[in-house]
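**Student:** One file: data.cif (mmCIF, C-alpha atoms and all ligand atoms).
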data_model
#
loop_
_atom_site.group_PDB
_atom_site.id
_atom_site.type_symbol
_atom_site.label_atom_id
_atom_site.label_comp_id
_atom_site.auth_asym_id
_atom_site.auth_seq_id
_atom_site.Cartn_x
_atom_site.Cartn_y
_atom_site.Cartn_z
ATOM 1 C CA MET A 1 -19.857 -5.468 -3.008
ATOM 2 C CA THR A 2 -22.952 -3.970 -1.466
ATOM 3 C CA ILE A 3 -23.941 -0.408 -2.063
ATOM 4 C CA SER A 4 -26.341 1.340 0.226
ATOM 5 C CA PRO A 5 -28.143 4.002 -1.754
ATOM 6 C CA THR A 6 -29.021 6.471 0.959
ATOM 7 C CA THR A 7 -26.269 7.896 3.055
ATOM 8 C CA ASN A 8 -25.142 11.429 3.710
ATOM 9 C CA GLY A 9 -22.054 10.787 1.647
ATOM 10 C CA VAL A 10 -24.140 10.149 -1.441
ATOM 11 C CA LYS A 11 -26.273 13.214 -0.924
ATOM 12 C CA THR A 12 -23.218 15.412 -0.557
ATOM 13 C CA LEU A 13 -21.717 14.058 -3.715
ATOM 14 C CA GLU A 14 -24.874 14.493 -5.709
ATOM 15 C CA THR A 15 -25.287 18.042 -4.521
ATOM 16 C CA LEU A 16 -21.709 18.934 -5.259
ATOM 17 C CA ASN A 17 -21.713 17.333 -8.675
ATOM 18 C CA ASN A 18 -24.871 19.193 -9.570
ATOM 19 C CA GLY A 19 -26.455 16.033 -10.833
ATOM 20 C CA VAL A 20 -23.690 15.544 -13.386
ATOM 21 C CA ASN A 21 -22.055 12.147 -13.581
ATOM 22 C CA ASN A 22 -23.406 11.053 -10.230
ATOM 23 C CA GLU A 23 -24.027 7.446 -11.135
ATOM 24 C CA ASP A 24 -21.660 4.766 -12.228
ATOM 25 C CA THR A 25 -22.280 2.555 -15.224
ATOM 26 C CA ASN A 26 -24.489 0.217 -13.200
ATOM 27 C CA GLY A 27 -26.673 3.091 -12.130
ATOM 28 C CA PHE A 28 -25.349 3.071 -8.561
ATOM 29 C CA PRO A 29 -24.629 6.418 -6.961
ATOM 30 C CA ILE A 30 -20.915 7.149 -6.889
ATOM 31 C CA ARG A 31 -19.361 6.639 -3.488
ATOM 32 C CA PRO A 32 -15.727 7.714 -3.364
ATOM 33 C CA ASP A 33 -15.185 5.348 -0.467
ATOM 34 C CA ARG A 34 -16.412 2.348 -2.421
ATOM 35 C CA THR A 35 -14.920 2.731 -5.859
ATOM 36 C CA LEU A 36 -11.848 0.779 -6.816
ATOM 37 C CA SER A 37 -10.705 2.839 -9.775
ATOM 38 C CA TYR A 38 -12.033 6.217 -8.989
ATOM 39 C CA SER A 39 -12.029 8.677 -11.850
ATOM 40 C CA GLN A 40 -9.710 11.517 -10.946
ATOM 41 C CA ASN A 41 -11.752 14.077 -12.844
ATOM 42 C CA THR A 42 -14.889 13.462 -10.869
ATOM 43 C CA HIS A 43 -13.117 13.857 -7.618
ATOM 44 C CA SER A 44 -11.052 16.901 -8.541
ATOM 45 C CA GLN A 45 -14.333 18.473 -9.570
ATOM 46 C CA LEU A 46 -15.752 17.664 -6.149
ATOM 47 C CA ARG A 47 -12.696 19.037 -4.391
ATOM 48 C CA THR A 48 -12.673 22.405 -6.084
ATOM 49 C CA GLU A 49 -16.192 22.979 -4.758
ATOM 50 C CA VAL A 50 -14.767 23.328 -1.264
ATOM 51 C CA SER A 51 -11.984 25.890 -1.146
ATOM 52 C CA ASP A 52 -9.069 25.862 1.257
ATOM 53 C CA GLU A 53 -10.604 28.994 2.782
ATOM 54 C CA GLN A 54 -13.863 27.131 3.528
ATOM 55 C CA MET A 55 -11.971 24.258 5.121
ATOM 56 C CA MET A 56 -10.014 26.720 7.240
ATOM 57 C CA ASP A 57 -13.242 28.440 8.306
ATOM 58 C CA ALA A 58 -14.586 25.079 9.429
ATOM 59 C CA VAL A 59 -11.486 24.519 11.561
ATOM 60 C CA ARG A 60 -11.870 28.001 13.090
ATOM 61 C CA THR A 61 -15.471 27.094 13.973
ATOM 62 C CA MET A 62 -14.264 23.874 15.612
ATOM 63 C CA LEU A 63 -11.718 25.844 17.641
ATOM 64 C CA LEU A 64 -14.444 28.211 18.813
ATOM 65 C CA GLY A 65 -16.647 25.222 19.582
ATOM 66 C CA VAL A 66 -14.097 23.762 21.981
ATOM 67 C CA GLY A 67 -13.758 27.117 23.745
ATOM 68 C CA GLU A 68 -10.507 28.214 22.117
ATOM 69 C CA ASP A 69 -9.511 31.553 20.681
ATOM 70 C CA PRO A 70 -8.531 31.069 17.018
ATOM 71 C CA GLU A 71 -6.853 34.498 17.086
ATOM 72 C CA ARG A 72 -4.286 33.668 19.724
ATOM 73 C CA GLU A 73 -0.785 33.354 18.416
ATOM 74 C CA GLY A 74 -0.319 29.596 18.724
ATOM 75 C CA LEU A 75 -3.529 28.911 16.803
ATOM 76 C CA LEU A 76 -3.268 31.515 14.047
ATOM 77 C CA LYS A 77 -1.892 29.098 11.474
ATOM 78 C CA THR A 78 -3.684 26.038 12.804
ATOM 79 C CA PRO A 79 -6.653 26.173 10.388
ATOM 80 C CA LYS A 80 -4.254 26.230 7.444
ATOM 81 C CA ARG A 81 -2.190 23.386 8.885
ATOM 82 C CA VAL A 82 -5.251 21.270 9.633
ATOM 83 C CA ALA A 83 -6.709 21.843 6.156
ATOM 84 C CA GLU A 84 -3.416 20.816 4.553
ATOM 85 C CA ALA A 85 -3.075 17.793 6.817
ATOM 86 C CA MET A 86 -6.625 16.689 5.962
ATOM 87 C CA ARG A 87 -5.936 17.038 2.240
ATOM 88 C CA PHE A 88 -2.833 14.887 2.647
ATOM 89 C CA LEU A 89 -4.446 12.267 4.868
ATOM 90 C CA THR A 90 -7.265 11.831 2.371
ATOM 91 C CA SER A 91 -5.113 12.117 -0.750
ATOM 92 C CA GLY A 92 -5.985 8.537 -1.641
ATOM 93 C CA TYR A 93 -9.249 9.835 -3.086
ATOM 94 C CA ASN A 94 -7.246 11.519 -5.832
ATOM 95 C CA GLN A 95 -5.425 8.405 -6.896
ATOM 96 C CA SER A 96 -6.659 5.745 -9.212
ATOM 97 C CA LEU A 97 -5.639 2.118 -9.265
ATOM 98 C CA GLU A 98 -4.689 2.362 -12.937
ATOM 99 C CA ASP A 99 -2.281 5.262 -12.393
ATOM 100 C CA LEU A 100 -0.812 3.609 -9.346
ATOM 101 C CA VAL A 101 -0.127 0.265 -11.015
ATOM 102 C CA ASN A 102 1.131 2.063 -14.122
ATOM 103 C CA GLY A 103 1.840 -1.101 -16.058
ATOM 104 C CA ALA A 104 4.062 -2.686 -13.372
ATOM 105 C CA ILE A 105 2.608 -6.133 -14.062
ATOM 106 C CA PHE A 106 4.977 -8.825 -15.251
ATOM 107 C CA ASP A 107 4.301 -12.173 -16.864
ATOM 108 C CA GLU A 108 6.651 -14.335 -14.819
ATOM 109 C CA GLY A 109 4.830 -17.641 -15.041
ATOM 110 C CA HIS A 110 4.983 -17.682 -11.244
ATOM 111 C CA GLU A 111 2.293 -19.612 -9.385
ATOM 112 C CA GLU A 112 3.542 -19.681 -5.784
ATOM 113 C CA MET A 113 2.425 -17.471 -2.953
ATOM 114 C CA VAL A 114 3.752 -13.923 -2.839
ATOM 115 C CA LEU A 115 3.464 -12.319 0.589
ATOM 116 C CA VAL A 116 4.414 -8.862 1.789
ATOM 117 C CA ARG A 117 4.182 -8.653 5.547
ATOM 118 C CA ASP A 118 4.155 -5.834 8.042
ATOM 119 C CA ILE A 119 3.189 -2.990 5.736
ATOM 120 C CA ASN A 120 2.679 -0.028 8.044
ATOM 121 C CA PHE A 121 -0.419 1.967 7.372
ATOM 122 C CA PHE A 122 -2.185 5.011 8.762
ATOM 123 C CA SER A 123 -5.833 5.674 8.080
ATOM 124 C CA MET A 124 -8.704 7.634 9.573
ATOM 125 C CA CYS A 125 -11.972 6.176 10.771
ATOM 126 C CA GLU A 126 -14.956 7.652 9.031
ATOM 127 C CA HIS A 127 -17.035 7.737 12.206
ATOM 128 C CA HIS A 128 -14.772 10.037 14.239
ATOM 129 C CA MET A 129 -12.146 11.191 11.750
ATOM 130 C CA LEU A 130 -9.555 9.938 14.210
ATOM 131 C CA PRO A 131 -6.549 7.877 13.158
ATOM 132 C CA PHE A 132 -6.295 4.153 13.177
ATOM 133 C CA MET A 133 -2.997 2.569 12.326
ATOM 134 C CA GLY A 134 -1.233 -0.727 12.239
ATOM 135 C CA ARG A 135 0.144 -3.314 9.886
ATOM 136 C CA ALA A 136 -1.155 -5.007 6.801
ATOM 137 C CA HIS A 137 -0.147 -8.389 5.426
ATOM 138 C CA VAL A 138 -0.934 -8.901 1.780
ATOM 139 C CA ALA A 139 -0.603 -12.151 -0.142
ATOM 140 C CA TYR A 140 -1.645 -13.470 -3.481
ATOM 141 C CA ILE A 141 -1.145 -16.564 -5.566
ATOM 142 C CA PRO A 142 -0.481 -15.467 -9.118
ATOM 143 C CA ASN A 143 -2.002 -16.756 -12.241
ATOM 144 C CA GLN A 144 1.261 -16.245 -14.177
ATOM 145 C CA LYS A 145 1.141 -12.475 -13.658
ATOM 146 C CA VAL A 146 2.944 -10.714 -10.792
ATOM 147 C CA ILE A 147 2.994 -7.096 -9.705
ATOM 148 C CA GLY A 148 5.952 -5.032 -8.450
ATOM 149 C CA LEU A 149 6.206 -5.658 -4.704
ATOM 150 C CA SER A 150 6.232 -1.969 -3.829
ATOM 151 C CA LYS A 151 2.919 -1.619 -5.629
ATOM 152 C CA LEU A 152 1.265 -3.806 -2.994
ATOM 153 C CA ALA A 153 2.361 -1.307 -0.347
ATOM 154 C CA ARG A 154 1.193 1.575 -2.538
ATOM 155 C CA ILE A 155 -2.245 -0.027 -2.902
ATOM 156 C CA VAL A 156 -2.493 -0.315 0.889
ATOM 157 C CA GLU A 157 -1.492 3.337 1.152
ATOM 158 C CA MET A 158 -3.975 4.573 -1.442
ATOM 159 C CA TYR A 159 -6.978 3.009 0.282
ATOM 160 C CA SER A 160 -5.704 3.952 3.737
ATOM 161 C CA ARG A 161 -5.575 7.621 2.834
ATOM 162 C CA ARG A 162 -9.325 7.926 2.750
ATOM 163 C CA LEU A 163 -11.974 7.969 5.444
ATOM 164 C CA GLN A 164 -12.388 4.298 6.187
ATOM 165 C CA VAL A 165 -13.647 1.520 8.353
ATOM 166 C CA GLN A 166 -11.054 -1.191 8.789
ATOM 167 C CA GLU A 167 -13.305 -3.919 7.412
ATOM 168 C CA ARG A 168 -13.911 -2.083 4.147
ATOM 169 C CA LEU A 169 -10.272 -1.053 3.811
ATOM 170 C CA THR A 170 -9.213 -4.696 4.082
ATOM 171 C CA ARG A 171 -11.753 -5.807 1.497
ATOM 172 C CA GLN A 172 -10.882 -2.986 -0.925
ATOM 173 C CA ILE A 173 -7.199 -3.915 -0.933
ATOM 174 C CA ALA A 174 -8.077 -7.540 -1.684
ATOM 175 C CA GLU A 175 -10.521 -6.580 -4.437
ATOM 176 C CA ALA A 176 -8.014 -4.178 -6.002
ATOM 177 C CA ILE A 177 -5.351 -6.883 -6.268
ATOM 178 C CA LYS A 178 -7.916 -9.266 -7.660
ATOM 179 C CA ALA A 179 -8.945 -6.687 -10.260
ATOM 180 C CA VAL A 180 -5.446 -5.861 -11.510
ATOM 181 C CA LEU A 181 -3.887 -9.351 -11.453
ATOM 182 C CA GLU A 182 -6.728 -11.849 -11.787
ATOM 183 C CA PRO A 183 -4.740 -14.118 -9.465
ATOM 184 C CA GLN A 184 -5.769 -17.531 -8.098
ATOM 185 C CA GLY A 185 -6.424 -15.871 -4.777
ATOM 186 C CA VAL A 186 -5.768 -12.905 -2.513
ATOM 187 C CA ALA A 187 -5.463 -12.726 1.268
ATOM 188 C CA VAL A 188 -5.271 -9.544 3.304
ATOM 189 C CA VAL A 189 -4.994 -9.340 7.084
ATOM 190 C CA MET A 190 -4.907 -5.989 8.861
ATOM 191 C CA GLU A 191 -4.055 -5.451 12.529
ATOM 192 C CA ALA A 192 -4.804 -1.973 13.822
ATOM 193 C CA THR A 193 -5.356 0.126 16.869
ATOM 194 C CA HIS A 194 -8.068 2.772 16.725
ATOM 195 C CA MET A 195 -7.619 6.127 18.429
ATOM 196 C CA CYS A 196 -11.399 6.452 18.716
ATOM 197 C CA MET A 197 -11.298 3.400 21.000
ATOM 198 C CA ALA A 198 -8.075 4.273 22.795
ATOM 199 C CA MET A 199 -8.567 7.992 23.482
ATOM 200 C CA ARG A 200 -12.347 8.195 23.818
ATOM 201 C CA GLY A 201 -15.374 5.897 23.887
ATOM 202 C CA VAL A 202 -14.444 2.714 25.722
ATOM 203 C CA GLN A 203 -10.896 4.100 26.303
ATOM 204 C CA LYS A 204 -9.125 0.856 25.810
ATOM 205 C CA PRO A 205 -5.581 1.576 24.686
ATOM 206 C CA GLY A 206 -3.673 -1.529 23.749
ATOM 207 C CA SER A 207 -6.652 -3.261 22.215
ATOM 208 C CA TRP A 208 -6.283 -4.031 18.566
ATOM 209 C CA THR A 209 -8.574 -5.142 15.818
ATOM 210 C CA VAL A 210 -7.857 -7.780 13.213
ATOM 211 C CA THR A 211 -9.722 -7.966 9.933
ATOM 212 C CA SER A 212 -9.208 -10.301 7.031
ATOM 213 C CA ALA A 213 -10.387 -10.651 3.486
ATOM 214 C CA MET A 214 -9.896 -13.926 1.632
ATOM 215 C CA VAL A 215 -10.543 -14.233 -2.069
ATOM 216 C CA GLY A 216 -10.430 -17.228 -4.425
ATOM 217 C CA ILE A 217 -8.161 -20.107 -3.391
ATOM 218 C CA PHE A 218 -7.561 -18.570 0.062
ATOM 219 C CA GLN A 219 -11.263 -18.746 0.695
ATOM 220 C CA GLU A 220 -11.757 -22.178 -0.842
ATOM 221 C CA GLU A 221 -8.688 -24.094 0.362
ATOM 222 C CA GLN A 222 -8.089 -24.367 4.073
ATOM 223 C CA LYS A 223 -4.515 -25.571 3.471
ATOM 224 C CA THR A 224 -3.606 -22.438 1.526
ATOM 225 C CA ARG A 225 -5.220 -20.212 4.107
ATOM 226 C CA GLU A 226 -3.329 -22.007 6.899
ATOM 227 C CA GLU A 227 -0.052 -21.577 5.057
ATOM 228 C CA PHE A 228 -0.675 -17.859 4.790
ATOM 229 C CA LEU A 229 -1.657 -17.527 8.450
ATOM 230 C CA ASN A 230 1.451 -19.459 9.515
ATOM 231 C CA LEU A 231 3.667 -17.253 7.386
ATOM 232 C CA ILE A 232 2.328 -14.051 8.907
ATOM 233 C CA ARG A 233 2.857 -15.445 12.439
ATOM 234 C CA HIS A 234 6.359 -16.693 11.723
ATOM 235 C CA GLN A 235 9.145 -14.606 13.297
ATOM 236 C CA PRO A 236 11.802 -13.785 10.722
ATOM 237 C CA SER A 237 15.282 -14.752 11.873
ATOM 238 C CA PHE A 238 16.956 -11.516 10.772
ATOM 239 C CA PHE A 239 15.150 -9.322 13.333
HETATM 240 ZN ZN ZN A 301 -13.976 5.709 15.038
#
In structure tokens, how does this file's structure come out?

**Tutor:**
Amino acid sequence: MTISPTTNGVKTLETLNNGVNNEDTNGFPIRPDRTLSYSQNTHSQLRTEVSDEQMMDAVRTMLLGVGEDPEREGLLKTPKRVAEAMRFLTSGYNQSLEDLVNGAIFDEGHEEMVLVRDINFFSMCEHHMLPFMGRAHVAYIPNQKVIGLSKLARIVEMYSRRLQVQERLTRQIAEAIKAVLEPQGVAVVMEATHMCMAMRGVQKPGSWTVTSAMVGIFQEEQKTREEFLNLIRHQPSFF
């Protein structure tokens, strides 16, 4: 994991935390986008610094900026709705991996591949704060220990509900599974379409982006990786 020390995100955090608890145990500045098990306290503290009213004011400013009248009837409640939607769409910041897993790890002695395919996800790109969405395929080869299948989907959801880039999101999911299960390997493939590419910029709807993160045996053994890639391409007979 690389950590770049000077970004706006870090400055904001440091300012808002008033210099308290703004480094992790390795002395790196805390980046909510980078941490795997983010302390809830630190982030709640950060959140209370910006009130709902301030978020709503920011939305009103945006409406004025695009030439709208925030006082017209259809827009009166929009700032409140947008603020609430933003809180929800970034609610992954308030979750921690520990709380999410909540002990749902079982010693099954299983050592074959476990794959959950086609997990729908919705995230927002950190460059434009526009949605990107698609499907995630998550596999691991246990080292005796397995995790409840729904937890894999919940991990995808937790990291998706933050401001992201698809590459980092993919890597974070893989690292999270590695951290909680210490498996022989983890593979994550994400296929997504980005509204910032479809609706603006190069305006290429229909294009999609694939990212992958391979850890352990999936990285080392071509055969294992191939098996995974075949399984995610395979068309299930019950559809
Ligand atoms: Zn973007």

**Student:** Contacts of Met55 (chain A) at 10 Å or less, counting only C-alpha atoms, minus same-chain residues fewer than 2 places along, as a list in words?

**Tutor:**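 Counting only the stated atoms, we get Val50, Ser51, Asp52, Glu53, Asp57, Ala58, Val59, Arg60, Thr61, Pro79, Lys80, Val82, Ala83, Glu84, Met86 and Arg87 of chain A.
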
**Student:** What is the CA of Ile119 (chain A) to CA of Leu152 (chain A) distance in Å?

**Tutor:** 9.0 Å

**Student:** With only C-alpha atoms and all ligand atoms as the atoms that count, which of A:Val66, A:Ile141, A:Cys125, A:Val165 lies nearest to ligand ZN 301 (chain A)?

**Tutor:**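 The closest residue to ligand ZN 301 (chain A) is A:Cys125.
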
**Student:** Figure out the distance between CA of Asn94 (chain A) and CA of Met62 (chain A), please, to one decimal in Å.

**Tutor:**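 Straight-line distance from CA of Met62 (chain A) to CA of Asn94 (chain A) works out to 25.7 Å.
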
**Student:** Residue by residue, what does the PyMOL selection byres (((chain A and resi 135) around 6) and not hetatm) grab here? Present the result as a PDB file with C-alpha atoms, in the coordinates of the input.

**Tutor:**
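Dumped everything to selection15.pdb:
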ATOM      1  CA  ASP A 118       4.155  -5.834   8.042  1.00  0.00           C
ATOM      2  CA  ILE A 119       3.189  -2.990   5.736  1.00  0.00           C
ATOM      3  CA  ASN A 120       2.679  -0.028   8.044  1.00  0.00           C
ATOM      4  CA  PHE A 121      -0.419   1.967   7.372  1.00  0.00           C
ATOM      5  CA  GLY A 134      -1.233  -0.727  12.239  1.00  0.00           C
ATOM      6  CA  ALA A 136      -1.155  -5.007   6.801  1.00  0.00           C
ATOM      7  CA  MET A 190      -4.907  -5.989   8.861  1.00  0.00           C
ATOM      8  CA  GLU A 191      -4.055  -5.451  12.529  1.00  0.00           C
TER       9      GLU A 191
END

**Student:** Check the smallest atom-to-atom distance from each of A:Glu126, A:Glu73, A:Asp99, A:Glu112 to ligand ZN 301 (chain A) using only C-alpha atoms and all ligand atoms, then report the winner.

**Tutor:**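 Of the candidates, the smallest distance to ligand ZN 301 (chain A) is held by A:Glu126.
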
**Student:** Point out the residue among A:Thr193, A:Gln95, A:Ser212, A:Asn230 with the least atom-to-atom distance to ligand ZN 301 (chain A), counting only C-alpha atoms and all ligand atoms.

**Tutor:**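 So, comparing all the options, the nearest one is A:Thr193.
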
**Student:** What residues come out when you apply the PyMOL selection byres (((not hetatm)) within 10 of (chain A and resi 301)) to this file, written as a ChimeraX atom specification?

**Tutor:** /A:124-132,164-166,194-198,200-201

**Student:** Using the chain letters and residue numbers of this document, give as a ChimeraX atom specification the residues selected by the PyMOL selection byres (((chain A and resi 107-110) around 8) and not hetatm).

**Tutor:** /A:105-106,111-112,142-146

**Student:** Nearest residue to Ser150 (chain A) out of A:Thr170, A:Met214, A:Pro236, A:Ala104, using all atoms listed in the file?

**Tutor:**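 Residue with the minimum atom-to-atom distance to Ser150 (chain A): A:Ala104.
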
**Student:** Considering all atoms listed in the file, return as a list in words whatever protein or nucleic-acid residues lie within 9 Å of Leu89 (chain A), sequence-local ones (same chain, fewer than 3 positions apart) excluded.

**Tutor:** Glu84, Ala85, Met86, Gly92, Phe122, Ser123, Met124, Ser160, Arg161, Arg162 and Leu163 of chain A

**Student:** How would the residues just picked look written out with C-alpha atoms as an mmCIF file, in the frame of the given file?

**Tutor:**
data_model
loop_
_atom_site.group_PDB
_atom_site.id
_atom_site.type_symbol
_atom_site.label_atom_id
_atom_site.label_comp_id
_atom_site.auth_asym_id
_atom_site.auth_seq_id
_atom_site.Cartn_x
_atom_site.Cartn_y
_atom_site.Cartn_z
ATOM 1 C CA GLU A 84 -3.416 20.816 4.553
ATOM 2 C CA ALA A 85 -3.075 17.793 6.817
ATOM 3 C CA MET A 86 -6.625 16.689 5.962
ATOM 4 C CA GLY A 92 -5.985 8.537 -1.641
ATOM 5 C CA PHE A 122 -2.185 5.011 8.762
ATOM 6 C CA SER A 123 -5.833 5.674 8.080
ATOM 7 C CA MET A 124 -8.704 7.634 9.573
ATOM 8 C CA SER A 160 -5.704 3.952 3.737
ATOM 9 C CA ARG A 161 -5.575 7.621 2.834
ATOM 10 C CA ARG A 162 -9.325 7.926 2.750
ATOM 11 C CA LEU A 163 -11.974 7.969 5.444
#

**Student:** Figure out the distance between CA of Thr90 (chain A) and CA of Arg117 (chain A), please, to one decimal in Å.

**Tutor:** 23.7 Å

**Student:** Taking (-5.3, -13.3, -8.6) in the file's own coordinates, collect the residues within 9 Å, counting all atoms listed in the file, and hand them back as a ChimeraX atom specification.

**Tutor:** /A:140-143,145-146,177-186,215-216

**Student:** Return as JSON the centre and edge lengths, in Å with one decimal, of the box along x, y and z that encloses every atom of region 231-234 of chain A in the file, padded by 6 Å per side.

**Tutor:**
{"center_x": 4.3, "center_y": -15.7, "center_z": 9.9, "size_x": 16.0, "size_y": 15.2, "size_z": 17.1}

**Student:** Starting from the block above, write region 204-224 of chain A out to a file with C-alpha atoms, as a compact mmCIF listing (two decimals), in the first residue's frame, please.

**Tutor:**
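Wrote result.txt, looks like this:
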# COMPACT_ATOMS: atom_id res chain seq x y z
CA LYS A 204 -18.51 7.18 -24.32
CA PRO A 205 -21.55 5.38 -22.95
CA GLY A 206 -21.28 1.64 -23.19
CA SER A 207 -17.58 1.56 -22.45
CA TRP A 208 -16.67 -0.31 -19.33
CA THR A 209 -13.60 -0.66 -17.22
CA VAL A 210 -12.22 -3.86 -15.75
CA THR A 211 -9.87 -3.90 -12.80
CA SER A 212 -8.42 -6.84 -10.95
CA ALA A 213 -6.48 -7.47 -7.80
CA MET A 214 -4.75 -10.81 -7.27
CA VAL A 215 -3.24 -11.76 -3.95
CA GLY A 216 -1.24 -14.82 -2.86
CA ILE A 217 -1.81 -18.02 -4.84
CA PHE A 218 -3.88 -16.17 -7.48
CA GLN A 219 -0.89 -14.00 -8.19
CA GLU A 220 1.66 -16.80 -8.03
CA GLU A 221 -0.11 -19.67 -9.80
CA GLN A 222 -1.28 -19.13 -13.35
CA LYS A 223 -3.45 -22.27 -13.17
CA THR A 224 -5.42 -20.96 -10.20
